[in-house]
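Novice: What follows is the file protein-v5.cif, containing mmCIF, C-alpha atoms and all ligand atoms:
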```
data_entry
loop_
_atom_site.label_atom_id
_atom_site.label_comp_id
_atom_site.auth_asym_id
_atom_site.auth_seq_id
_atom_site.Cartn_x
_atom_site.Cartn_y
_atom_site.Cartn_z
CA MET A 25 -196.61 -85.32 144.77
CA LYS A 26 -198.68 -83.58 147.45
CA VAL A 27 -199.94 -80.08 146.70
CA CYS A 28 -201.49 -77.59 149.11
CA VAL A 29 -203.86 -74.91 147.86
CA ILE A 30 -204.15 -72.07 150.37
CA GLY A 31 -207.63 -70.57 150.03
CA GLY A 32 -210.82 -72.25 148.87
CA GLY A 33 -212.10 -69.32 146.83
CA ALA A 34 -212.62 -68.92 143.09
CA SER A 35 -209.05 -69.50 141.91
CA GLY A 36 -208.13 -72.08 144.56
CA MET A 37 -211.15 -74.35 143.93
CA VAL A 38 -210.57 -74.43 140.17
CA CYS A 39 -206.83 -75.00 140.61
CA ALA A 40 -207.46 -77.88 143.06
CA ILE A 41 -209.94 -79.51 140.66
CA ARG A 42 -207.54 -79.30 137.70
CA LEU A 43 -204.75 -80.81 139.84
CA ALA A 44 -206.95 -83.63 141.15
CA ARG A 45 -208.15 -84.43 137.62
CA ARG A 46 -204.50 -85.11 136.80
CA GLY A 47 -204.33 -87.58 139.69
CA ILE A 48 -202.41 -85.27 142.02
CA ASP A 49 -203.04 -85.45 145.78
CA VAL A 50 -204.51 -82.02 146.70
CA THR A 51 -205.46 -80.42 150.01
CA ILE A 52 -207.24 -77.07 150.33
CA LEU A 53 -206.62 -75.12 153.54
CA GLU A 54 -209.42 -72.62 154.05
CA LYS A 55 -209.64 -69.91 156.70
CA ASN A 56 -213.46 -69.76 156.81
CA ASN A 57 -215.82 -72.49 157.93
CA SER A 58 -216.80 -73.08 154.31
CA VAL A 59 -215.35 -72.42 150.86
CA CYS A 60 -216.33 -69.77 148.29
CA LYS A 61 -217.77 -67.21 150.72
CA LYS A 62 -216.80 -64.27 148.49
CA VAL A 63 -218.06 -66.04 145.38
CA LEU A 64 -221.52 -66.16 147.01
CA ALA A 65 -221.53 -62.35 147.24
CA THR A 66 -220.60 -61.78 143.61
CA GLY A 67 -222.92 -60.18 141.07
CA ASN A 68 -225.39 -59.28 143.84
CA GLY A 69 -225.68 -62.96 144.68
CA LYS A 70 -226.12 -63.97 141.03
CA CYS A 71 -222.39 -64.39 140.24
CA ASN A 72 -221.37 -62.67 137.05
CA TYR A 73 -218.65 -65.21 136.40
CA PHE A 74 -217.33 -64.36 132.92
CA ASN A 75 -217.70 -62.07 129.92
CA ASP A 76 -217.85 -62.56 126.17
CA ASN A 77 -215.42 -59.69 125.68
CA MET A 78 -212.30 -60.54 127.70
CA SER A 79 -210.25 -57.73 126.15
CA ILE A 80 -207.18 -56.48 128.03
CA ASP A 81 -208.78 -53.00 127.97
CA HIS A 82 -210.88 -54.19 130.90
CA TYR A 83 -207.83 -54.86 133.10
CA ARG A 84 -205.02 -53.09 134.95
CA SER A 85 -201.86 -54.99 135.95
CA SER A 86 -198.09 -54.79 136.26
CA ASN A 87 -197.64 -56.89 133.09
CA ASN A 88 -200.39 -56.36 130.54
CA GLU A 89 -198.55 -58.23 127.78
CA PHE A 90 -198.43 -61.44 129.82
CA LEU A 91 -201.99 -60.91 131.08
CA GLU A 92 -203.36 -60.43 127.57
CA SER A 93 -201.72 -63.57 126.22
CA ILE A 94 -202.70 -65.75 129.20
CA ILE A 95 -206.32 -64.59 129.06
CA SER A 96 -206.79 -64.85 125.30
CA SER A 97 -205.28 -68.33 125.13
CA ASN A 98 -207.43 -69.77 127.92
CA ILE A 99 -210.95 -68.44 127.28
CA ASN A 100 -212.14 -71.73 125.77
CA LYS A 101 -210.76 -73.67 128.73
CA VAL A 102 -212.99 -71.63 131.06
CA HIS A 103 -216.09 -72.46 129.00
CA GLU A 104 -215.11 -76.15 128.84
CA PHE A 105 -214.44 -76.18 132.58
CA PHE A 106 -217.85 -74.76 133.51
CA ASP A 107 -219.57 -77.14 131.07
CA SER A 108 -217.67 -80.03 132.67
CA ILE A 109 -218.91 -79.28 136.20
CA GLY A 110 -222.49 -78.76 134.99
CA VAL A 111 -222.92 -74.96 134.90
CA VAL A 112 -225.48 -73.78 132.33
CA PRO A 113 -224.81 -70.12 131.45
CA ARG A 114 -227.34 -67.33 131.21
CA ILE A 115 -225.75 -64.65 129.02
CA LYS A 116 -227.04 -61.07 129.29
CA ASN A 117 -225.33 -58.51 127.01
CA GLY A 118 -222.21 -60.68 127.06
CA TYR A 119 -222.20 -61.09 130.87
CA TYR A 120 -222.24 -64.72 132.09
CA TYR A 121 -224.34 -65.87 135.06
CA PRO A 122 -225.41 -69.38 136.05
CA PHE A 123 -228.83 -70.03 134.48
CA SER A 124 -230.28 -70.45 137.99
CA ASN A 125 -229.33 -66.79 138.62
CA THR A 126 -227.77 -67.71 141.93
CA ALA A 127 -224.11 -67.78 142.95
CA THR A 128 -224.86 -70.79 145.17
CA THR A 129 -224.96 -72.88 141.97
CA ILE A 130 -221.32 -72.05 141.24
CA LYS A 131 -220.24 -72.83 144.80
CA ASN A 132 -222.25 -76.07 144.96
CA LEU A 133 -220.99 -77.39 141.61
CA LEU A 134 -217.35 -76.55 142.43
CA LEU A 135 -217.71 -78.27 145.80
CA LEU A 136 -219.45 -81.29 144.28
CA GLU A 137 -216.57 -81.72 141.82
CA CYS A 138 -214.02 -81.40 144.67
CA ASN A 139 -215.86 -84.09 146.62
CA LYS A 140 -216.11 -86.38 143.56
CA LEU A 141 -212.36 -86.09 143.06
CA GLY A 142 -211.62 -86.74 146.74
CA ILE A 143 -209.99 -83.34 147.34
CA ASN A 144 -209.25 -82.89 151.02
CA ILE A 145 -210.77 -79.59 152.23
CA ILE A 146 -209.66 -78.49 155.69
CA SER A 147 -211.67 -75.46 156.82
CA ASP A 148 -211.36 -73.14 159.84
CA THR A 149 -207.63 -73.19 159.18
CA ILE A 150 -205.69 -69.95 158.89
CA VAL A 151 -202.31 -70.22 157.24
CA TYR A 152 -199.94 -67.70 158.81
CA ASP A 153 -196.55 -68.74 157.43
CA ILE A 154 -194.99 -70.74 154.60
CA ILE A 155 -191.49 -72.06 155.17
CA LYS A 156 -189.44 -73.34 152.24
CA ASP A 157 -187.73 -76.55 153.28
CA LYS A 158 -187.06 -79.48 150.92
CA GLY A 159 -190.72 -79.00 150.19
CA PHE A 160 -192.84 -76.55 152.17
CA ILE A 161 -193.94 -76.38 155.79
CA ILE A 162 -197.29 -74.65 156.13
CA LYS A 163 -197.91 -73.17 159.55
CA THR A 164 -201.56 -72.74 160.55
CA ASN A 165 -203.56 -71.88 163.66
CA ASN A 166 -204.16 -75.63 164.05
CA LEU A 167 -201.40 -77.94 162.78
CA ASP A 168 -198.24 -77.60 160.72
CA TYR A 169 -198.42 -79.39 157.34
CA LYS A 170 -195.77 -80.58 154.91
CA PHE A 171 -196.31 -80.43 151.12
CA ASP A 172 -194.17 -80.73 148.00
CA LYS A 173 -195.73 -77.71 146.27
CA VAL A 174 -197.92 -74.83 147.38
CA VAL A 175 -200.47 -72.68 145.57
CA MET A 176 -201.20 -69.37 147.24
CA ALA A 177 -204.81 -68.49 146.35
CA SER A 178 -205.82 -66.43 149.34
CA GLY A 179 -207.44 -63.56 147.40
CA SER A 180 -207.24 -59.95 148.55
CA CYS A 181 -208.20 -57.77 151.49
CA ALA A 182 -211.25 -56.34 149.66
CA SER A 183 -214.55 -56.59 151.54
CA ILE A 184 -213.32 -58.81 154.35
CA LYS A 185 -213.89 -57.85 157.96
CA ASP A 186 -211.19 -59.92 159.70
CA ASP A 187 -207.41 -59.69 159.25
CA TYR A 188 -205.91 -60.50 155.87
CA ASN A 189 -202.33 -61.83 155.84
CA GLY A 190 -201.70 -63.06 152.28
CA TYR A 191 -199.45 -60.12 151.33
CA LYS A 192 -197.44 -60.44 154.57
CA ILE A 193 -196.73 -64.14 153.94
CA LEU A 194 -195.52 -63.51 150.39
CA LYS A 195 -193.54 -60.40 151.32
CA LYS A 196 -191.65 -62.45 153.90
CA LEU A 197 -190.80 -64.91 151.12
CA GLY A 198 -189.25 -62.08 149.12
CA HIS A 199 -192.08 -60.94 146.86
CA ASN A 200 -192.70 -57.33 145.90
CA ILE A 201 -196.22 -56.27 146.83
CA ILE A 202 -197.56 -53.34 144.81
CA LYS A 203 -199.46 -51.35 147.42
CA PRO A 204 -203.04 -52.71 147.51
CA LEU A 205 -205.67 -49.98 147.22
CA PRO A 206 -209.48 -50.14 147.10
CA ALA A 207 -210.96 -50.69 143.61
CA LEU A 208 -214.49 -51.20 142.29
CA VAL A 209 -215.69 -48.98 145.10
CA MET A 210 -217.87 -45.89 145.64
CA LEU A 211 -216.18 -42.47 145.69
CA GLU A 212 -216.51 -39.63 148.17
CA GLY A 213 -216.36 -35.94 147.32
CA PHE A 214 -214.79 -33.09 149.27
CA ASP A 215 -217.95 -31.08 149.56
CA ASN A 216 -219.77 -33.06 152.24
CA ASN A 217 -223.10 -31.58 151.36
CA TYR A 218 -224.37 -33.91 148.65
CA LYS A 219 -227.70 -34.42 150.41
CA ASP A 220 -229.62 -32.57 147.70
CA TRP A 221 -228.73 -34.92 144.90
CA ALA A 222 -228.87 -38.17 146.90
CA GLY A 223 -231.03 -40.79 145.22
CA ILE A 224 -230.78 -39.42 141.67
CA ARG A 225 -229.67 -41.91 139.01
CA VAL A 226 -228.67 -40.64 135.57
CA ASP A 227 -227.04 -42.03 132.45
CA VAL A 228 -223.83 -40.10 132.06
CA SER A 229 -220.32 -40.24 130.80
CA VAL A 230 -217.57 -39.91 133.43
CA SER A 231 -213.99 -38.89 132.60
CA LEU A 232 -211.09 -39.21 135.02
CA TYR A 233 -208.32 -36.60 135.19
CA GLU A 234 -205.08 -36.73 137.18
CA ASP A 235 -203.99 -33.16 137.94
CA ASN A 236 -205.95 -32.09 134.84
CA ASN A 237 -204.42 -34.76 132.57
CA TYR A 238 -207.04 -36.98 130.96
CA ILE A 239 -206.79 -40.65 132.02
CA CYS A 240 -209.90 -42.52 130.85
CA LYS A 241 -213.65 -42.40 130.32
CA TYR A 242 -216.63 -44.69 130.99
CA ASP A 243 -220.33 -44.40 130.08
CA GLY A 244 -223.17 -45.69 132.21
CA GLU A 245 -225.55 -44.99 135.05
CA VAL A 246 -224.21 -42.93 137.92
CA GLN A 247 -225.88 -43.03 141.32
CA LEU A 248 -225.63 -39.70 143.11
CA THR A 249 -225.44 -40.25 146.87
CA ASN A 250 -225.12 -38.18 150.04
CA TYR A 251 -221.36 -38.89 150.19
CA GLY A 252 -220.55 -38.62 146.47
CA ILE A 253 -220.97 -40.93 143.48
CA SER A 254 -221.43 -44.61 142.74
CA GLY A 255 -222.54 -46.89 139.89
CA ILE A 256 -220.64 -49.27 137.63
CA CYS A 257 -218.97 -46.56 135.52
CA VAL A 258 -217.69 -44.86 138.68
CA MET A 259 -216.52 -48.16 140.22
CA ASN A 260 -214.58 -48.92 137.04
CA LEU A 261 -212.58 -45.70 137.53
CA SER A 262 -212.12 -46.12 141.25
CA GLY A 263 -208.92 -48.23 141.35
CA ARG A 264 -207.13 -45.62 139.24
CA VAL A 265 -208.59 -42.87 141.45
CA SER A 266 -207.20 -44.62 144.57
CA ARG A 267 -203.75 -44.83 142.95
CA ILE A 268 -203.79 -41.14 141.89
CA ILE A 269 -204.71 -39.98 145.39
CA ASP A 270 -202.18 -42.35 146.98
CA ASN A 271 -199.50 -40.77 144.77
CA GLY A 272 -200.43 -37.38 146.23
CA LYS A 273 -202.09 -36.11 143.02
CA GLU A 274 -205.56 -34.66 142.53
CA ALA A 275 -208.24 -36.94 141.07
CA ILE A 276 -211.04 -35.14 139.29
CA ILE A 277 -214.04 -36.79 137.67
CA ARG A 278 -215.85 -34.72 135.06
CA ILE A 279 -219.45 -35.79 134.63
CA ASN A 280 -221.27 -35.17 131.37
CA PHE A 281 -224.93 -35.27 132.39
CA ILE A 282 -226.15 -35.09 128.76
CA PRO A 283 -223.72 -37.36 126.91
CA ASN A 284 -223.44 -37.93 123.15
CA ILE A 285 -224.19 -34.30 122.28
CA ASP A 286 -221.55 -32.62 120.14
CA ASP A 287 -222.50 -29.03 120.90
CA GLY A 288 -224.28 -28.38 124.20
CA TYR A 289 -224.71 -24.68 123.53
CA LYS A 290 -226.46 -25.39 120.24
CA LEU A 291 -228.75 -27.96 121.88
CA ILE A 292 -230.02 -25.42 124.41
CA ASP A 293 -230.15 -22.61 121.89
CA ASP A 294 -232.17 -24.72 119.41
CA ARG A 295 -234.62 -25.79 122.10
CA ASN A 296 -234.95 -22.19 123.23
CA ASN A 297 -235.81 -21.12 119.66
CA LEU A 298 -238.33 -23.94 119.36
CA LEU A 299 -239.97 -23.42 122.77
CA LYS A 300 -240.03 -19.63 122.76
CA GLY A 301 -240.61 -17.91 126.11
CA MET A 302 -240.08 -21.01 128.24
CA THR A 303 -237.73 -21.00 131.23
CA ILE A 304 -234.46 -22.94 131.20
CA ILE A 305 -236.06 -25.53 133.51
CA GLU A 306 -238.92 -25.97 131.03
CA ILE A 307 -236.76 -26.28 127.91
CA LEU A 308 -234.50 -28.87 129.54
CA GLU A 309 -237.21 -30.71 131.49
CA SER A 310 -237.41 -33.63 129.05
CA ILE A 311 -233.63 -33.91 128.67
CA ILE A 312 -232.26 -34.00 132.20
CA ASN A 313 -233.62 -35.04 135.60
CA TYR A 314 -235.41 -31.89 136.84
CA LYS A 315 -234.18 -32.30 140.44
CA LEU A 316 -230.61 -32.37 139.19
CA LEU A 317 -231.26 -29.37 136.95
CA TYR A 318 -232.46 -27.34 139.96
CA ILE A 319 -229.28 -28.31 141.85
CA ILE A 320 -227.07 -27.28 138.92
CA LEU A 321 -228.90 -23.98 138.46
CA LYS A 322 -228.53 -23.30 142.20
CA LYS A 323 -224.81 -24.11 142.02
CA CYS A 324 -224.48 -21.63 139.11
CA HIS A 325 -226.52 -19.01 141.02
CA ILE A 326 -229.06 -18.87 138.19
CA ASP A 327 -232.68 -17.97 139.03
CA THR A 328 -234.92 -20.89 138.01
CA ASN A 329 -237.53 -18.49 136.53
CA LEU A 330 -235.14 -17.11 133.93
CA THR A 331 -235.18 -17.89 130.23
CA TRP A 332 -232.07 -18.72 128.20
CA ASN A 333 -232.20 -15.29 126.55
CA GLU A 334 -232.15 -13.58 129.93
CA LEU A 335 -228.78 -15.11 130.88
CA SER A 336 -225.49 -13.31 130.41
CA ASN A 337 -222.93 -15.06 128.21
CA ASP A 338 -220.86 -15.89 131.31
CA LYS A 339 -223.83 -17.53 132.99
CA LYS A 340 -224.64 -19.46 129.81
CA MET A 341 -221.09 -20.81 129.67
CA LEU A 342 -221.15 -21.64 133.40
CA LEU A 343 -224.38 -23.62 132.95
CA ILE A 344 -223.03 -25.45 129.90
CA ASP A 345 -219.89 -26.33 131.86
CA ASN A 346 -221.86 -27.76 134.76
CA LEU A 347 -224.22 -29.74 132.55
CA PHE A 348 -221.58 -31.22 130.26
CA ASN A 349 -218.42 -31.11 132.38
CA PHE A 350 -219.48 -31.17 136.02
CA GLU A 351 -216.36 -31.21 138.17
CA PHE A 352 -216.32 -33.74 141.01
CA VAL A 353 -213.08 -33.58 143.01
CA VAL A 354 -212.55 -36.93 144.71
CA ARG A 355 -211.56 -36.99 148.36
CA GLY A 356 -211.21 -40.76 148.54
CA SER A 357 -213.14 -44.00 148.36
CA LYS A 358 -215.40 -45.89 150.73
CA GLY A 359 -212.39 -48.09 151.54
CA PHE A 360 -211.48 -51.78 151.46
CA GLU A 361 -214.59 -52.80 153.34
CA CYS A 362 -216.83 -51.61 150.50
CA ALA A 363 -214.40 -52.44 147.68
CA GLN A 364 -215.11 -55.47 145.48
CA VAL A 365 -211.44 -55.90 144.57
CA VAL A 366 -208.06 -54.28 145.12
CA SER A 367 -205.74 -52.57 142.71
CA GLY A 368 -202.22 -53.85 143.48
CA GLY A 369 -200.88 -57.08 144.94
CA VAL A 370 -197.97 -59.35 144.02
CA ASP A 371 -196.07 -57.92 141.04
CA LEU A 372 -197.19 -59.94 138.01
CA ASN A 373 -193.62 -59.93 136.70
CA GLU A 374 -192.67 -62.14 139.64
CA VAL A 375 -194.54 -65.22 138.31
CA ASN A 376 -193.76 -67.19 135.16
CA ASN A 377 -196.36 -68.17 132.56
CA CYS A 378 -197.53 -71.08 134.75
CA PHE A 379 -197.98 -68.69 137.72
CA GLU A 380 -194.97 -70.20 139.50
CA SER A 381 -193.04 -67.74 141.64
CA ARG A 382 -189.79 -66.57 140.05
CA ILE A 383 -188.44 -66.20 143.58
CA ILE A 384 -189.41 -69.50 145.28
CA ASN A 385 -189.50 -72.68 143.14
CA GLY A 386 -192.59 -74.80 143.75
CA LEU A 387 -194.66 -71.87 145.02
CA TYR A 388 -197.52 -70.76 142.77
CA ILE A 389 -199.53 -67.53 143.14
CA ILE A 390 -202.96 -67.14 141.54
CA GLY A 391 -206.12 -65.02 141.59
CA GLU A 392 -206.64 -61.62 143.08
CA LEU A 393 -203.52 -61.86 145.23
CA LEU A 394 -201.65 -60.88 142.08
CA ASP A 395 -201.52 -57.32 140.78
CA VAL A 396 -204.43 -57.72 138.37
CA ASP A 397 -207.75 -55.94 138.67
CA GLY A 398 -210.56 -55.84 136.18
CA ASP A 399 -213.71 -53.88 135.47
CA CYS A 400 -217.13 -54.91 136.71
CA GLY A 401 -218.55 -57.55 134.37
CA GLY A 402 -217.01 -60.91 135.29
CA TYR A 403 -213.40 -59.85 134.68
CA ASN A 404 -212.09 -60.50 138.19
CA LEU A 405 -213.61 -63.95 138.51
CA GLY A 406 -212.54 -64.47 134.90
CA PHE A 407 -208.90 -63.97 135.85
CA ALA A 408 -209.31 -66.10 138.99
CA TRP A 409 -210.59 -69.07 136.92
CA ILE A 410 -207.92 -68.65 134.24
CA SER A 411 -205.00 -68.42 136.67
CA GLY A 412 -206.40 -71.43 138.58
CA ILE A 413 -206.72 -73.48 135.38
CA VAL A 414 -203.23 -72.59 134.11
CA ALA A 415 -201.50 -73.32 137.43
CA GLY A 416 -203.55 -76.48 137.98
CA ASP A 417 -202.65 -77.84 134.55
CA ASN A 418 -198.94 -77.09 134.85
CA ILE A 419 -197.83 -77.89 138.40
C1 LIG A 501 -219.37 -57.90 146.80
C2 LIG A 501 -218.49 -58.43 145.69
C3 LIG A 501 -219.05 -58.66 144.45
C4 LIG A 501 -218.24 -59.15 143.41
N1 LIG A 501 -218.84 -59.41 142.21
C5 LIG A 501 -218.07 -59.92 141.21
C6 LIG A 501 -218.69 -60.29 139.98
O1 LIG A 501 -219.93 -60.26 139.82
N2 LIG A 501 -217.87 -60.73 138.98
C7 LIG A 501 -216.51 -60.84 139.15
O2 LIG A 501 -215.82 -61.22 138.20
N3 LIG A 501 -215.91 -60.54 140.32
C8 LIG A 501 -216.67 -60.10 141.36
N4 LIG A 501 -216.07 -59.82 142.56
C9 LIG A 501 -214.61 -60.07 142.72
C10 LIG A 501 -214.33 -61.57 142.91
O3 LIG A 501 -215.15 -62.06 143.95
C11 LIG A 501 -212.87 -61.82 143.27
O4 LIG A 501 -212.04 -61.16 142.35
C12 LIG A 501 -212.55 -63.31 143.25
O5 LIG A 501 -213.33 -63.99 144.21
C13 LIG A 501 -211.07 -63.53 143.54
O6 LIG A 501 -210.81 -64.91 143.60
P1 LIG A 501 -209.61 -65.45 144.49
O7 LIG A 501 -209.63 -66.93 144.40
O8 LIG A 501 -208.38 -64.75 144.16
O9 LIG A 501 -210.00 -65.00 145.99
P2 LIG A 501 -211.26 -65.40 146.87
O10 LIG A 501 -212.38 -65.87 146.05
O11 LIG A 501 -211.46 -64.24 147.78
O12 LIG A 501 -210.72 -66.64 147.71
C14 LIG A 501 -209.68 -66.53 148.65
C15 LIG A 501 -209.90 -67.58 149.73
O13 LIG A 501 -208.73 -67.66 150.54
C16 LIG A 501 -209.12 -67.74 151.90
N5 LIG A 501 -208.01 -67.24 152.72
C17 LIG A 501 -207.55 -65.97 152.81
N6 LIG A 501 -206.48 -65.90 153.62
C18 LIG A 501 -206.25 -67.17 154.05
C19 LIG A 501 -205.30 -67.74 154.94
N7 LIG A 501 -204.34 -67.01 155.52
N8 LIG A 501 -205.37 -69.08 155.18
C20 LIG A 501 -206.33 -69.84 154.59
N9 LIG A 501 -207.27 -69.34 153.74
C21 LIG A 501 -207.22 -68.02 153.48
C22 LIG A 501 -210.38 -66.87 151.96
O14 LIG A 501 -211.16 -67.17 153.10
C23 LIG A 501 -211.06 -67.23 150.65
O15 LIG A 501 -211.91 -68.32 150.77
C24 LIG A 501 -216.85 -59.37 143.63
C25 LIG A 501 -216.31 -59.15 144.88
C26 LIG A 501 -217.11 -58.69 145.91
C27 LIG A 501 -216.52 -58.48 147.28
#
```
Since I need it in another form, could you write the structure as structure tokens?

Specialist:
Amino acid sequence: MKVCVIGGGASGMVCAIRLARRGIDVTILEKNNSVCKKVLATGNGKCNYFNDNMSIDHYRSSNNEFLESIISSNINKVHEFFDSIGVVPRIKNGYYYPFSNTATTIKNLLLLECNKLGINIISDTIVYDIIKDKGFIIKTNNLDYKFDKVVMASGSCASIKDDYNGYKILKKLGHNIIKPLPALVMLEGFDNNYKDWAGIRVDVSVSLYEDNNYICKYDGEVQLTNYGISGICVMNLSGRVSRIIDNGKEAIIRINFIPNIDDGYKLIDDRNNLLKGMTIIEILESIINYKLLYIILKKCHIDTNLTWNELSNDKKMLLIDNLFNFEFVVRGSKGFECAQVVSGGVDLNEVNNCFESRIINGLYIIGELLDVDGDCGGYNLGFAWISGIVAGDNI
């Protein structure tokens, strides 16, 4: 049996290795001049390749039940796989990196294993069509190839500069593509004057609302920028934000700049009683970034020389609202070019539990091409490895 893996990225490399270990003749067709280009960019070049907590809560997909069972039953296989190719993990707060702290290690060890197993890697080859014959005819910019089975592992259109055609190829074969939208990406606000707060980083809690209905919440550091907001907690919300806006609804992020306080009013009132006569700036100086506090006071039209007691009740409530429930209306995201992944892709209900297409026998679909997207923290590579292992062991 001859198998073609289209795409030498995270999922494709692992799938090819698992197939070759079973003695199957595998060829990888890769668009770029070398494999694993995106893997090299992961985790700021350090490659956060897995996580200790692979809970389904960290994912969005069109079939969470299937996703949960496939992930939970293959976690050990991922650890065994990385041990077997020689990766030594460095685990920080449950996040896995290669001990060398460089993504090149992951690429090099995957490539070394491919070479040891005699996997044929044909680079600079763009697949533009798959034709189901007795087997499959793969049409590329160079030659046409014939294979018995095909694994589509061409990733997503996130963060790539040239054309991406994976969805088009699978749509032509009859697959339903859930509209891909940017995810794990920075968000832009409507008010284009965010210059004042640019550069401030604060630990916050961010809650997402769709037309005022609560969706979800993340804690973490937010980076305030001249276009809007960024940071891991914001990126984790961003795929859902893209979907809300694409559905024509309003996406609002409420930022709590002083999280984990039950009663904000009481906090300020108590500090005011303790630090009698001090201005609001002075009583909150040690609690919130002073630059941000000035911006919030300005937004509330509150004179920075005033004390808490000098504020009207309305102004007090307005200040509390802006400190603990700052409303950021999202205009959109920084787009696919800045996105780490996409939300959307091939409907997960259209593959069986070996990742074989339910529409075309002998065609397998793995990795980010499928409608699965995870939080920052090794979840997206985690799914790429798992889908590659499962397909590679079952074809
Ligand atoms: C900047 C950045 C940082 C990231 N950091 C992390 C992180 O730290 N942890 C994490 O878990 N995830 C991270 N991700 C996400 C992660 O990289 C992807 O989810 C993962 O690489 C997906 O694996 P894949 O095999 O599906 O696709 P890819 O790894 O993208 O591989 C797809 C391959 O297919 C090739 N290809 C595409 N089209 C064709 C075609 N028509 N013909 C032939 N070949 C084709 C591509 O060139 C590519 O080599 C990050 C992503 C980015 C962009």

Novice: In Å to one decimal, how far is CA of Val63 (chain A) from CA of Gly356 (chain A)?

Specialist: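 Computing the Euclidean distance for CA of Gly356 (chain A) and CA of Val63 (chain A) yields 26.4 Å.
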
Novice: What's the 10 Å shell around Lys131 (chain A), counting all atoms listed in the file, without same-chain residues fewer than 5 positions away, as an MDAnalysis selection string?

Specialist: chainID A and resid 33:34 37 59:64 71 126 136

Novice: So which residues are near ligand LIG 501 (chain A), meaning at most 7 Å away with only C-alpha atoms and all ligand atoms counted, given back as a PyMOL selection string?

Specialist: chain A and resi 30-36+53-56+59-63+65-68+71-74+149-152+177-180+182-183+188-190+363-365+390-393+400-406+408

Novice: Quick one: residues within 9 Å of Asn313 (chain A), only C-alpha atoms, excluding same-chain residues fewer than 4 positions away - as number ranges by chain?

Specialist: A: 224-226, 308-309, 317-318

Novice: Excluding region 281-283 of chain A and any residue of its chain fewer than 3 positions from it, enumerate the residues within 8 Å of it, using only C-alpha atoms, and give them as a ChimeraX atom specification.

Specialist: /A:226-229,311-312,347-350

Novice: Would you list the contacts of region 103-119 of chain A as a PyMOL selection string, taking every protein, DNA or RNA residue within 8 Å and counting all atoms listed in the file, but skipping same-chain residues closer than 3 positions in sequence?

Specialist: chain A and resi 72-77+99-100+122-123+125+129-130+133-134+137+401-402

Novice: Could you tell me which of A:Asp395, A:Asp327, A:Asp417, A:Asp243 comes closest to Ser367 (chain A) if we count only C-alpha atoms?

Specialist: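 Nearest to Ser367 (chain A): A:Asp395.
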
Novice: One decimal, in Å: what's the spacing between CA of Asp399 (chain A) and CA of Leu387 (chain A)?

Specialist: 27.9 Å

Novice: Record the distance separating CA of Val27 (chain A) and CA of Gly198 (chain A), expressed in Å with one decimal.

Specialist: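 About the pair CA of Val27 (chain A) and CA of Gly198 (chain A): they are 21.1 Å apart.
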
Novice: When you count only C-alpha atoms, which of these residues is closest to Cys257 (chain A): A:Arg46, A:Lys195, A:Lys241, A:Lys339?

Specialist: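 Smallest distance to Cys257 (chain A) is found for A:Lys241.
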
Novice: Could you list, as a ChimeraX atom specification, every residue within 9 Å of Asn346 (chain A), counting only C-alpha atoms and ignoring same-chain residues fewer than 5 positions away?

Specialist: /A:279-281,320-321,323-324,341,351

Novice: Calculated over only C-alpha atoms, which of the candidates A:Arg355, A:Lys300, A:Lys219, A:Lys273 has the smallest distance to Leu316 (chain A)?

Specialist: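 The answer is A:Lys219, which sits nearest to Leu316 (chain A).
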
Novice: Counting only C-alpha atoms, figure out which residue out of A:Phe379, A:Trp221, A:Tyr233, A:Tyr289 gets nearest to Lys322 (chain A).

Specialist: A:Trp221

Novice: Between A:Val375, A:Val396, A:Leu197, A:Leu91, which residue has the minimum interatomic distance to Gly263 (chain A), considering only C-alpha atoms?

Specialist: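 Distance minimum relative to Gly263 (chain A) lands on A:Val396.
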
Novice: Kindly provide, as lines of an AutoDock Vina configuration file, the centre and edge lengths (Å, one decimal) of an axis-aligned box around all atoms of region 163-182 of chain A given in the file, with 8 Å on each side.

Specialist:
```
center_x = -202.7
center_y = -68.5
center_z = 154.8
size_x = 33.1
size_y = 40.4
size_z = 34.5
```

Novice: Identify which of the residues A:Leu299, A:Leu167, A:Met176, A:Val353 lies closest to Ile253 (chain A), counting only C-alpha atoms when measuring atom-to-atom distances.

Specialist: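 Between A:Leu299, A:Leu167, A:Met176, A:Val353, the residue approaching Ile253 (chain A) most closely is A:Val353.
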
Novice: Using all atoms listed in the file - which residues lie no farther than 7 Å from the point (-226.3, -41.8, 144.2) in the file's frame? Write them as a ChimeraX atom specification.

Specialist: /A:222-225,246-250,252-254

Novice: Enumerate, as JSON, numbers by chain, the protein, DNA and RNA residues whose atoms approach (-202.0, -64.4, 131.9) to within 12 Å, taking into account all atoms listed in the file and the coordinate frame of the file.

Specialist: {"A": [78, 80, 83, 85, 86, 87, 88, 89, 90, 91, 92, 93, 94, 95, 96, 97, 98, 99, 372, 373, 375, 376, 377, 378, 379, 380, 389, 390, 391, 394, 395, 396, 406, 407, 408, 409, 410, 411, 412, 413, 414, 415]}
